[in-house]
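S.K.: Dropping a structure here in structure tokens format, bear with me for questions.
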Amino acid sequence: MQKHVVAIILAIVLWQPLCQAQVGNSLYQQLGERAGINELMTTFVLEIAEDERVIEHFRNVDIERFHHMLGEHLCELTGGPCTYTGADMVEVHRGMAITRSEFNAIVENLIKAMEHHQLPTATQNRLLSTLAELHGEIVGQ
Amino acid sequence: MRRKISQKNYALVLGVALVVAPVAHANDGKLLATGAVTTIEGSGGGGIVPWATTASYAEDGEWGFTVNANFADVDDFQLGVQSLNLTYGNRIEVSYAQQRLGLNTIGGDLKQQIYGLKVRLLGDLVYGDLPQVSLGVQHKRNTTFALPQAVGAKHDSGTDIYLSAAKAWLAGPLDRTWVANLTLRATKANQLGLLGFGGDQNDDYQVMSEASLGMFVNRHWLLGVEYRQKPDNLGFARESDWRDVFVGWFPTKSVAMVVAYTDLKGIAGLPDQSGAYASLQISF
């Protein structure tokens, strides 16, 4: 019976929703605030530009606007003093039919960018956790 | 005769590998380490617990293929496993494993073959609120049954059915990525099936709990613990639950390695079986 106790506790943990992202000012600060986010997004966009798995989706994208919107969105999502002025994620990705593989490819580009900027693992995880919640609004639209 | 069977199996393994390798293209749609490693029964998962994850890095529309070798060396036994695993689209996993348990003290060995099938039913390991839930079967056939029969085993083959749920938290405690898996397995197998199926004490299916919990120190290193409850069907010796502590290393999506300290308690009446475990997995 004791053996089942561990199993039951694990079961409860497993069925809880994804850990609530601890979005607070600290993640925004850990990313180096607006300037740090902008630099990170520059590296991120350059990684995407070199990635044949996803570049097709960016052929007709205004890269400068994309970069600006990314920074603004991340600033807001991480608790910074910004208001994202772009369209919501579903609308932005409608008709693009982004696959799960392509979403993961973008995640890998972000990880590469974060590694390039030598962000600590904890900061990387907090940002990934925040952005992972957008998966449902982006994939398969 | 034994040697011949063994050679035939290796030829089969090699044959399948050569046939499958060319079609296994663009198979890196999943994130690093989300294909997990390969268990001692050939299914994708941890070391001793099959997980709800599917092996390899195949996402929707992609094929994946892994080959794997496991080796455990405890006081009186040595377990060697070779396995193959074919996956499609993070949905279906088909596996084949051959196990050999060397009986150092008693002499001789015990062998079986395991044919596995796992299907992801719902959910996702990383994204969304639901855990990834999979249903699997492992059909096991003894190729040496004299000893299992002599100690009271009823059957030389058996089929385990298991339901697994797995979830990763990208920023869990300590802002580290954590992964947990819970598996419920209906089984009659004695010592994985190496000592046959069913026994003088019990010949009915029983549901066993198995669990794994791991923490990624960073993207490449995983620390974890596992626990596996086991039935106790044979009167000649008490069968113990298993547990281990492991370190997994995922340098790239092509290779994964695991080393573990494993505590298998008593096996076949020989007490205090603990020792080292190592596993190598190559993904195509």
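In the structure tokens, chains take letters A, B, ... by order of appearance, with residues numbered from 1 within each chain and ligands from 1 in the order shown.
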Sort by chain and increasing residue number a table of all residues of chain B within 10 Å of chain A, each with its closest pair of atoms and their distance in Å to one decimal, counting only C-alpha atoms, and write it as a tab-separated table.
M.R.:
residue	atom	partner	partner_atom	distance
B:Ala26	CA	A:Arg53	CA	9.7
B:Asn27	CA	A:Ser101	CA	9.3
B:Asp28	CA	A:Ser101	CA	7.8
B:Gly29	CA	A:Ser101	CA	4.2
B:Lys30	CA	A:Ser101	CA	6.4
B:Leu31	CA	A:Asn104	CA	6.2
B:Leu32	CA	A:Glu108	CA	8.9
B:Tyr57	CA	A:Ser101	CA	9.7
B:Ala58	CA	A:Ser101	CA	8.8
B:Glu59	CA	A:Ser101	CA	6.1
B:Asp60	CA	A:Arg100	CA	7.1
B:Gly61	CA	A:Ser101	CA	9.5
B:Glu62	CA	A:Ser101	CA	9.4
B:Val126	CA	A:Ala132	CA	8.0
B:Tyr127	CA	A:Ala132	CA	6.3
B:Gly128	CA	A:Glu133	CA	6.9
B:Asp129	CA	A:Pro17	CA	4.7
B:Leu130	CA	A:Trp15	CA	6.7
B:Pro131	CA	A:Leu14	CA	6.5
B:Gln132	CA	A:Leu14	CA	9.6
B:Ala165	CA	A:Leu14	CA	7.5
B:Ala166	CA	A:Leu14	CA	7.0
B:Lys167	CA	A:Leu14	CA	6.2
B:Ala168	CA	A:Leu18	CA	8.3
B:Trp169	CA	A:Cys19	CA	6.4
B:Leu170	CA	A:Ser129	CA	5.2
B:Ala171	CA	A:Asn125	CA	5.0
B:Gly172	CA	A:Cys19	CA	6.6
B:Pro173	CA	A:Cys19	CA	9.3
B:Leu174	CA	A:Ala122	CA	7.4
B:Asp175	CA	A:Ala122	CA	4.8
B:Arg176	CA	A:Ala122	CA	6.1
B:Thr177	CA	A:Asn125	CA	6.9
B:Val179	CA	A:Leu14	CA	9.4
B:Ala180	CA	A:Leu14	CA	7.2
B:Asn181	CA	A:Leu14	CA	7.8
B:Leu182	CA	A:Ala11	CA	6.8
B:Thr183	CA	A:Ala7	CA	8.6
B:Leu184	CA	A:Ala7	CA	9.1
B:Met208	CA	A:His4	CA	8.9
B:Ser209	CA	A:Ala7	CA	6.4
B:Glu210	CA	A:Ala7	CA	7.3
B:Ala211	CA	A:Ala7	CA	6.7
B:Ser212	CA	A:Leu10	CA	9.1
B:Leu213	CA	A:Leu10	CA	8.9
B:Phe216	CA	A:Thr121	CA	9.8
B:Val217	CA	A:Thr121	CA	8.2
B:Asn218	CA	A:Thr121	CA	6.1
B:Arg219	CA	A:Thr121	CA	8.1
B:Tyr227	CA	A:Lys3	CA	9.3
B:Arg228	CA	A:Lys3	CA	9.4
B:Gln229	CA	A:Lys3	CA	7.5
B:Asp241	CA	A:Lys3	CA	9.5
S.K.: I want to know what sits within 10 Å of region 271-276 of chain B, based on only C-alpha atoms, with residues of the same chain fewer than 4 positions away left out; could you give that as a short mmCIF file (atom, residue, chain, number, x, y, z; two decimals) with N, CA, C and O atoms, in the first residue's frame?
M.R.:
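This is the output file result-v3.cif:
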data_model
loop_
_atom_site.label_atom_id
_atom_site.label_comp_id
_atom_site.auth_asym_id
_atom_site.auth_seq_id
_atom_site.Cartn_x
_atom_site.Cartn_y
_atom_site.Cartn_z
N PHE B 71 23.44 -2.40 -20.15
CA PHE B 71 24.20 -3.41 -19.40
C PHE B 71 24.11 -3.10 -17.91
O PHE B 71 24.35 -1.97 -17.50
N ALA B 72 23.73 -4.11 -17.14
CA ALA B 72 23.68 -3.94 -15.68
C ALA B 72 24.53 -5.02 -15.05
O ALA B 72 24.47 -6.20 -15.44
N ASP B 73 25.32 -4.63 -14.08
CA ASP B 73 26.20 -5.58 -13.40
C ASP B 73 25.97 -5.47 -11.91
O ASP B 73 26.42 -4.52 -11.28
N VAL B 74 25.19 -6.42 -11.36
CA VAL B 74 24.99 -6.45 -9.91
C VAL B 74 25.72 -7.66 -9.35
O VAL B 74 26.30 -8.44 -10.10
N ASP B 75 25.68 -7.81 -8.04
CA ASP B 75 26.57 -8.77 -7.38
C ASP B 75 26.63 -10.17 -8.02
O ASP B 75 27.70 -10.66 -8.33
N ASP B 76 25.47 -10.79 -8.23
CA ASP B 76 25.48 -12.16 -8.72
C ASP B 76 24.92 -12.33 -10.13
O ASP B 76 24.79 -13.44 -10.61
N PHE B 77 24.57 -11.20 -10.77
CA PHE B 77 23.95 -11.29 -12.10
C PHE B 77 24.49 -10.21 -13.02
O PHE B 77 24.93 -9.16 -12.57
N GLN B 78 24.39 -10.51 -14.32
CA GLN B 78 24.69 -9.48 -15.32
C GLN B 78 23.57 -9.48 -16.34
O GLN B 78 23.22 -10.53 -16.89
N ARG B 238 11.39 -14.70 -2.75
CA ARG B 238 10.58 -13.48 -2.78
C ARG B 238 11.12 -12.54 -3.85
O ARG B 238 12.33 -12.33 -3.97
N SER B 240 11.58 -8.80 -5.26
CA SER B 240 11.62 -7.45 -4.69
C SER B 240 11.33 -6.38 -5.74
O SER B 240 11.54 -6.60 -6.93
N TRP B 242 12.21 -2.81 -7.60
CA TRP B 242 13.50 -2.29 -8.04
C TRP B 242 13.52 -0.77 -7.95
O TRP B 242 12.49 -0.12 -8.05
N ARG B 243 14.72 -0.23 -7.81
CA ARG B 243 14.87 1.22 -7.83
C ARG B 243 16.27 1.58 -8.34
O ARG B 243 17.19 0.76 -8.28
N ASP B 244 16.39 2.79 -8.84
CA ASP B 244 17.72 3.23 -9.28
C ASP B 244 17.82 4.75 -9.23
O ASP B 244 16.81 5.46 -9.13
N VAL B 245 19.04 5.21 -9.25
CA VAL B 245 19.37 6.63 -9.33
C VAL B 245 20.21 6.79 -10.58
O VAL B 245 21.17 6.03 -10.75
N PHE B 246 19.85 7.72 -11.47
CA PHE B 246 20.57 7.76 -12.75
C PHE B 246 21.02 9.16 -13.15
O PHE B 246 20.52 10.17 -12.68
N VAL B 259 24.14 6.42 -17.02
CA VAL B 259 24.76 5.55 -16.03
C VAL B 259 23.90 5.63 -14.78
O VAL B 259 23.27 6.66 -14.50
N ALA B 260 23.82 4.51 -14.07
CA ALA B 260 22.95 4.47 -12.91
C ALA B 260 23.53 3.58 -11.82
O ALA B 260 24.34 2.69 -12.09
N TYR B 261 23.06 3.87 -10.61
CA TYR B 261 23.30 2.95 -9.51
C TYR B 261 21.97 2.28 -9.26
O TYR B 261 20.95 2.97 -9.06
N THR B 262 21.94 0.98 -9.29
CA THR B 262 20.67 0.29 -9.21
C THR B 262 20.65 -0.67 -8.02
O THR B 262 21.66 -1.31 -7.70
N ASP B 263 19.49 -0.68 -7.36
CA ASP B 263 19.31 -1.54 -6.20
C ASP B 263 18.16 -2.51 -6.51
O ASP B 263 17.00 -2.13 -6.48
N LEU B 264 18.52 -3.73 -6.84
CA LEU B 264 17.51 -4.73 -7.25
C LEU B 264 17.14 -5.66 -6.10
O LEU B 264 16.44 -6.65 -6.31
N LYS B 265 17.66 -5.36 -4.90
CA LYS B 265 17.36 -6.18 -3.72
C LYS B 265 17.68 -7.65 -3.99
O LYS B 265 18.70 -7.96 -4.57
N GLY B 266 16.78 -8.54 -3.56
CA GLY B 266 17.05 -9.97 -3.77
C GLY B 266 16.54 -10.44 -5.11
O GLY B 266 15.47 -10.08 -5.53
N ILE B 267 17.35 -11.24 -5.81
CA ILE B 267 16.89 -11.87 -7.05
C ILE B 267 17.10 -13.37 -6.92
O ILE B 267 18.21 -13.82 -6.60
#
S.K.: Excluding region 94-100 of chain B and its own-chain neighbours fewer than 5 positions away, which residues fall within 7 Å of it when counting only C-alpha atoms? Please give them as a list in words.
M.R.: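 Once the nearby chain positions are removed, what remains is Glu41, Gly42, Ser43, Leu79, Gly80, Val81, Gln82, Ser83, Leu84, Asn85, Leu86, Thr87, Asp109, Leu110, Lys111, Gln112, Gln113, Ile114, Tyr115, Gly116, Leu117 and Lys118 of chain B.
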S.K.: Using DSSP on the backbone coordinates, identify all residues within region 60-193 of chain B classified as strand (DSSP E or B); present the result as a CSV table (one decimal) with N, CA and C atoms, in the first residue's frame.
M.R.:
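Writing the result to selection31.csv gives the following:
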chain,number,residue,atom,x,y,z
B,63,TRP,N,9.7,9.8,-39.4
B,63,TRP,CA,10.1,8.5,-38.9
B,63,TRP,C,11.3,8.6,-38.0
B,64,GLY,N,11.4,7.8,-37.0
B,64,GLY,CA,12.6,7.8,-36.2
B,64,GLY,C,13.0,6.4,-35.9
B,65,PHE,N,14.3,6.2,-35.7
B,65,PHE,CA,14.8,4.9,-35.5
B,65,PHE,C,15.9,5.0,-34.4
B,66,THR,N,15.9,4.1,-33.4
B,66,THR,CA,17.0,4.1,-32.4
B,66,THR,C,17.5,2.6,-32.2
B,67,VAL,N,18.8,2.5,-32.0
B,67,VAL,CA,19.4,1.3,-31.5
B,67,VAL,C,20.0,1.5,-30.2
B,68,ASN,N,20.0,0.5,-29.4
B,68,ASN,CA,20.3,0.7,-28.0
B,68,ASN,C,21.0,-0.5,-27.4
B,69,ALA,N,21.9,-0.3,-26.4
B,69,ALA,CA,22.4,-1.4,-25.6
B,69,ALA,C,22.4,-1.0,-24.2
B,70,ASN,N,22.0,-1.9,-23.3
B,70,ASN,CA,22.0,-1.7,-21.9
B,70,ASN,C,22.8,-2.8,-21.2
B,71,PHE,N,23.4,-2.4,-20.1
B,71,PHE,CA,24.2,-3.4,-19.4
B,71,PHE,C,24.1,-3.1,-17.9
B,72,ALA,N,23.7,-4.1,-17.1
B,72,ALA,CA,23.7,-3.9,-15.7
B,72,ALA,C,24.5,-5.0,-15.0
B,73,ASP,N,25.3,-4.6,-14.1
B,73,ASP,CA,26.2,-5.6,-13.4
B,73,ASP,C,26.0,-5.5,-11.9
B,74,VAL,N,25.2,-6.4,-11.4
B,74,VAL,CA,25.0,-6.4,-9.9
B,74,VAL,C,25.7,-7.7,-9.3
B,77,PHE,N,24.6,-11.2,-10.8
B,77,PHE,CA,23.9,-11.3,-12.1
B,77,PHE,C,24.5,-10.2,-13.0
B,78,GLN,N,24.4,-10.5,-14.3
B,78,GLN,CA,24.7,-9.5,-15.3
B,78,GLN,C,23.6,-9.5,-16.3
B,79,LEU,N,23.0,-8.3,-16.6
B,79,LEU,CA,21.9,-8.2,-17.6
B,79,LEU,C,22.4,-7.5,-18.8
B,80,GLY,N,22.3,-8.1,-19.9
B,80,GLY,CA,22.6,-7.4,-21.2
B,80,GLY,C,21.4,-7.3,-22.1
B,81,VAL,N,21.2,-6.2,-22.7
B,81,VAL,CA,20.0,-6.0,-23.5
B,81,VAL,C,20.5,-5.2,-24.8
B,82,GLN,N,20.0,-5.7,-25.9
B,82,GLN,CA,20.1,-5.0,-27.2
B,82,GLN,C,18.7,-4.7,-27.7
B,83,SER,N,18.5,-3.5,-28.2
B,83,SER,CA,17.1,-3.3,-28.7
B,83,SER,C,17.1,-2.3,-29.9
B,84,LEU,N,16.0,-2.4,-30.6
B,84,LEU,CA,15.7,-1.6,-31.8
B,84,LEU,C,14.4,-0.9,-31.6
B,85,ASN,N,14.2,0.3,-32.1
B,85,ASN,CA,13.0,1.0,-31.9
B,85,ASN,C,12.7,1.8,-33.1
B,86,LEU,N,11.5,1.6,-33.6
B,86,LEU,CA,11.0,2.4,-34.8
B,86,LEU,C,9.8,3.2,-34.4
B,87,THR,N,9.9,4.5,-34.6
B,87,THR,CA,8.8,5.4,-34.2
B,87,THR,C,8.3,6.2,-35.4
B,88,TYR,N,7.0,6.5,-35.4
B,88,TYR,CA,6.4,7.4,-36.4
B,88,TYR,C,5.6,8.5,-35.7
B,92,ILE,N,3.4,6.4,-32.7
B,92,ILE,CA,3.6,5.0,-32.5
B,92,ILE,C,5.0,4.6,-32.4
B,93,GLU,N,5.3,3.7,-31.5
B,93,GLU,CA,6.6,3.2,-31.2
B,93,GLU,C,6.5,1.6,-31.3
B,94,VAL,N,7.4,1.0,-32.1
B,94,VAL,CA,7.5,-0.4,-32.2
B,94,VAL,C,8.9,-0.8,-31.8
B,95,SER,N,9.0,-1.8,-30.9
B,95,SER,CA,10.3,-2.1,-30.4
B,95,SER,C,10.6,-3.6,-30.4
B,96,TYR,N,11.9,-4.0,-30.5
B,96,TYR,CA,12.3,-5.3,-30.3
B,96,TYR,C,13.5,-5.3,-29.4
B,97,ALA,N,13.5,-6.2,-28.4
B,97,ALA,CA,14.6,-6.3,-27.4
B,97,ALA,C,15.0,-7.7,-27.2
B,98,GLN,N,16.2,-8.0,-27.0
B,98,GLN,CA,16.7,-9.3,-26.5
B,98,GLN,C,17.4,-9.1,-25.2
B,99,GLN,N,17.1,-9.9,-24.2
B,99,GLN,CA,17.7,-9.8,-22.9
B,99,GLN,C,18.4,-11.1,-22.6
B,100,ARG,N,19.6,-10.9,-22.0
B,100,ARG,CA,20.3,-12.1,-21.4
B,100,ARG,C,20.7,-11.8,-20.0
B,101,LEU,N,20.3,-12.6,-19.1
B,101,LEU,CA,20.7,-12.5,-17.7
B,101,LEU,C,21.7,-13.6,-17.4
B,102,GLY,N,22.9,-13.2,-17.2
B,102,GLY,CA,23.9,-14.1,-16.8
B,102,GLY,C,23.9,-14.4,-15.3
B,103,LEU,N,23.8,-15.7,-15.0
B,103,LEU,CA,23.8,-16.2,-13.6
B,103,LEU,C,25.2,-16.5,-13.1
B,109,ASP,N,22.4,-19.1,-18.0
B,109,ASP,CA,21.8,-17.8,-18.3
B,109,ASP,C,20.3,-18.0,-18.6
B,110,LEU,N,19.6,-16.8,-18.5
B,110,LEU,CA,18.2,-16.8,-18.8
B,110,LEU,C,18.0,-15.7,-20.0
B,111,LYS,N,17.2,-16.1,-20.9
B,111,LYS,CA,17.1,-15.2,-22.1
B,111,LYS,C,15.6,-15.0,-22.5
B,112,GLN,N,15.3,-13.8,-23.0
B,112,GLN,CA,14.0,-13.7,-23.6
B,112,GLN,C,14.0,-12.6,-24.6
B,113,GLN,N,13.0,-12.6,-25.5
B,113,GLN,CA,12.8,-11.6,-26.5
B,113,GLN,C,11.5,-10.8,-26.2
B,114,ILE,N,11.6,-9.5,-26.4
B,114,ILE,CA,10.4,-8.7,-26.1
B,114,ILE,C,10.0,-7.9,-27.3
B,115,TYR,N,8.7,-8.0,-27.7
B,115,TYR,CA,8.2,-7.3,-28.8
B,115,TYR,C,7.3,-6.2,-28.2
B,116,GLY,N,7.6,-4.9,-28.5
B,116,GLY,CA,6.8,-3.9,-27.9
B,116,GLY,C,6.1,-3.0,-28.9
B,117,LEU,N,4.9,-2.5,-28.4
B,117,LEU,CA,4.1,-1.5,-29.2
B,117,LEU,C,3.6,-0.5,-28.2
B,118,LYS,N,3.8,0.8,-28.6
B,118,LYS,CA,3.3,1.8,-27.7
B,118,LYS,C,2.6,2.9,-28.6
B,119,VAL,N,1.4,3.4,-28.1
B,119,VAL,CA,0.7,4.4,-28.9
B,119,VAL,C,0.3,5.5,-28.0
B,120,ARG,N,0.7,6.7,-28.5
B,120,ARG,CA,0.3,7.9,-27.7
B,120,ARG,C,-1.1,8.2,-27.9
B,121,LEU,N,-1.9,8.3,-26.8
B,121,LEU,CA,-3.3,8.5,-26.8
B,121,LEU,C,-3.7,9.9,-26.9
B,122,LEU,N,-3.1,10.7,-26.0
B,122,LEU,CA,-3.4,12.1,-25.9
B,122,LEU,C,-2.3,12.9,-25.2
B,132,GLN,N,1.3,13.8,-21.4
B,132,GLN,CA,1.3,12.9,-22.5
B,132,GLN,C,0.9,11.5,-22.0
B,133,VAL,N,-0.1,10.9,-22.6
B,133,VAL,CA,-0.6,9.6,-22.1
B,133,VAL,C,-0.5,8.6,-23.2
B,134,SER,N,0.1,7.4,-22.9
B,134,SER,CA,0.3,6.4,-23.9
B,134,SER,C,-0.1,5.0,-23.3
B,135,LEU,N,-0.5,4.2,-24.2
B,135,LEU,CA,-0.8,2.8,-23.9
B,135,LEU,C,0.1,1.9,-24.6
B,136,GLY,N,0.7,0.9,-23.9
B,136,GLY,CA,1.7,0.1,-24.5
B,136,GLY,C,1.5,-1.4,-24.2
B,137,VAL,N,2.1,-2.3,-25.0
B,137,VAL,CA,2.1,-3.7,-24.7
B,137,VAL,C,3.6,-4.2,-24.9
B,138,GLN,N,3.9,-5.1,-24.1
B,138,GLN,CA,5.2,-5.8,-24.3
B,138,GLN,C,5.0,-7.3,-24.3
B,139,HIS,N,5.2,-7.9,-25.4
B,139,HIS,CA,5.0,-9.4,-25.5
B,139,HIS,C,6.3,-10.0,-25.4
B,140,LYS,N,6.4,-10.9,-24.3
B,140,LYS,CA,7.7,-11.4,-24.0
B,140,LYS,C,7.7,-13.0,-24.2
B,141,ARG,N,8.8,-13.4,-24.8
B,141,ARG,CA,8.9,-14.9,-25.0
B,141,ARG,C,10.3,-15.4,-24.5
B,142,ASN,N,10.2,-16.3,-23.5
B,142,ASN,CA,11.4,-16.9,-23.0
B,142,ASN,C,12.1,-17.8,-24.1
B,155,HIS,N,4.2,-20.2,-17.4
B,155,HIS,CA,4.2,-20.0,-18.8
B,155,HIS,C,5.5,-19.5,-19.3
B,157,SER,N,5.7,-17.5,-22.0
B,157,SER,CA,5.5,-16.2,-22.6
B,157,SER,C,4.4,-15.5,-21.9
B,158,GLY,N,4.4,-14.2,-22.1
B,158,GLY,CA,3.4,-13.4,-21.4
B,158,GLY,C,3.4,-12.0,-22.1
B,159,THR,N,2.3,-11.3,-21.8
B,159,THR,CA,2.1,-9.9,-22.4
B,159,THR,C,1.8,-9.0,-21.3
B,160,ASP,N,2.7,-7.9,-21.1
B,160,ASP,CA,2.4,-6.9,-20.2
B,160,ASP,C,1.6,-5.8,-20.9
B,161,ILE,N,0.7,-5.2,-20.2
B,161,ILE,CA,-0.1,-4.0,-20.8
B,161,ILE,C,0.2,-2.9,-19.8
B,162,TYR,N,0.6,-1.7,-20.4
B,162,TYR,CA,0.8,-0.6,-19.5
B,162,TYR,C,0.2,0.7,-20.0
B,163,LEU,N,-0.1,1.6,-19.0
B,163,LEU,CA,-0.6,2.9,-19.3
B,163,LEU,C,0.3,3.9,-18.6
B,164,SER,N,0.8,4.8,-19.4
B,164,SER,CA,1.8,5.8,-18.9
B,164,SER,C,1.4,7.2,-19.0
B,165,ALA,N,1.7,8.0,-18.1
B,165,ALA,CA,1.5,9.5,-18.2
B,165,ALA,C,2.8,10.2,-17.9
B,166,ALA,N,3.2,11.1,-18.7
B,166,ALA,CA,4.5,11.8,-18.5
B,166,ALA,C,4.3,13.3,-18.7
B,167,LYS,N,5.0,14.1,-17.9
B,167,LYS,CA,4.9,15.6,-18.1
B,167,LYS,C,6.2,16.2,-17.8
B,168,ALA,N,6.6,17.2,-18.6
B,168,ALA,CA,7.8,18.0,-18.3
B,168,ALA,C,7.3,19.4,-17.9
B,169,TRP,N,8.0,20.0,-16.9
B,169,TRP,CA,7.8,21.3,-16.5
B,169,TRP,C,9.1,22.1,-16.9
B,177,THR,N,14.2,22.3,-15.5
B,177,THR,CA,13.2,21.6,-16.2
B,177,THR,C,13.1,20.2,-15.6
B,178,TRP,N,11.9,19.8,-15.2
B,178,TRP,CA,11.7,18.5,-14.5
B,178,TRP,C,10.8,17.6,-15.4
B,179,VAL,N,11.0,16.4,-15.3
B,179,VAL,CA,10.1,15.4,-16.0
B,179,VAL,C,9.7,14.3,-15.0
B,180,ALA,N,8.4,14.0,-15.1
B,180,ALA,CA,7.9,12.9,-14.2
B,180,ALA,C,7.1,12.0,-15.1
B,181,ASN,N,7.1,10.7,-14.7
B,181,ASN,CA,6.4,9.7,-15.4
B,181,ASN,C,5.8,8.7,-14.4
B,182,LEU,N,4.5,8.4,-14.7
B,182,LEU,CA,3.9,7.3,-13.9
B,182,LEU,C,3.4,6.3,-14.8
B,183,THR,N,3.7,5.0,-14.5
B,183,THR,CA,3.2,3.9,-15.3
B,183,THR,C,2.5,2.9,-14.5
B,184,LEU,N,1.3,2.4,-15.0
B,184,LEU,CA,0.6,1.3,-14.3
B,184,LEU,C,0.7,0.2,-15.3
B,185,ARG,N,1.2,-1.0,-14.8
B,185,ARG,CA,1.4,-2.1,-15.7
B,185,ARG,C,0.7,-3.4,-15.1
B,186,ALA,N,-0.1,-4.0,-16.0
B,186,ALA,CA,-0.7,-5.2,-15.7
B,186,ALA,C,0.2,-6.3,-16.2
B,187,THR,N,0.6,-7.2,-15.3
B,187,THR,CA,1.7,-8.2,-15.7
B,187,THR,C,1.6,-9.5,-14.9
B,189,ALA,N,4.6,-11.2,-15.2
B,189,ALA,CA,6.1,-11.6,-15.4
B,189,ALA,C,6.8,-11.7,-14.1
S.K.: Separation of CA of Arg91 (chain B) and CA of Thr53 (chain B), in Å?
M.R.: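 Value for the CA of Arg91 (chain B)-CA of Thr53 (chain B) distance: 9.0 Å.
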S.K.: Between CA of Phe250 (chain B) and CA of Ala33 (chain B), what is the distance in Å, rounded to a tenth?
M.R.: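 Interatomic distance here is 6.2 Å.
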S.K.: Residues of region 41-255 of chain B classed as helix (DSSP H, G or I) by DSSP on the backbone are to be reported as a ChimeraX atom specification.
M.R.: /B:146-150,173-175,191-193
S.K.: To one decimal place, how far is CA of Arg59 (chain A) from CA of Asn90 (chain B) in Å?
M.R.: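 About the pair CA of Arg59 (chain A) and CA of Asn90 (chain B): they are 28.8 Å apart.
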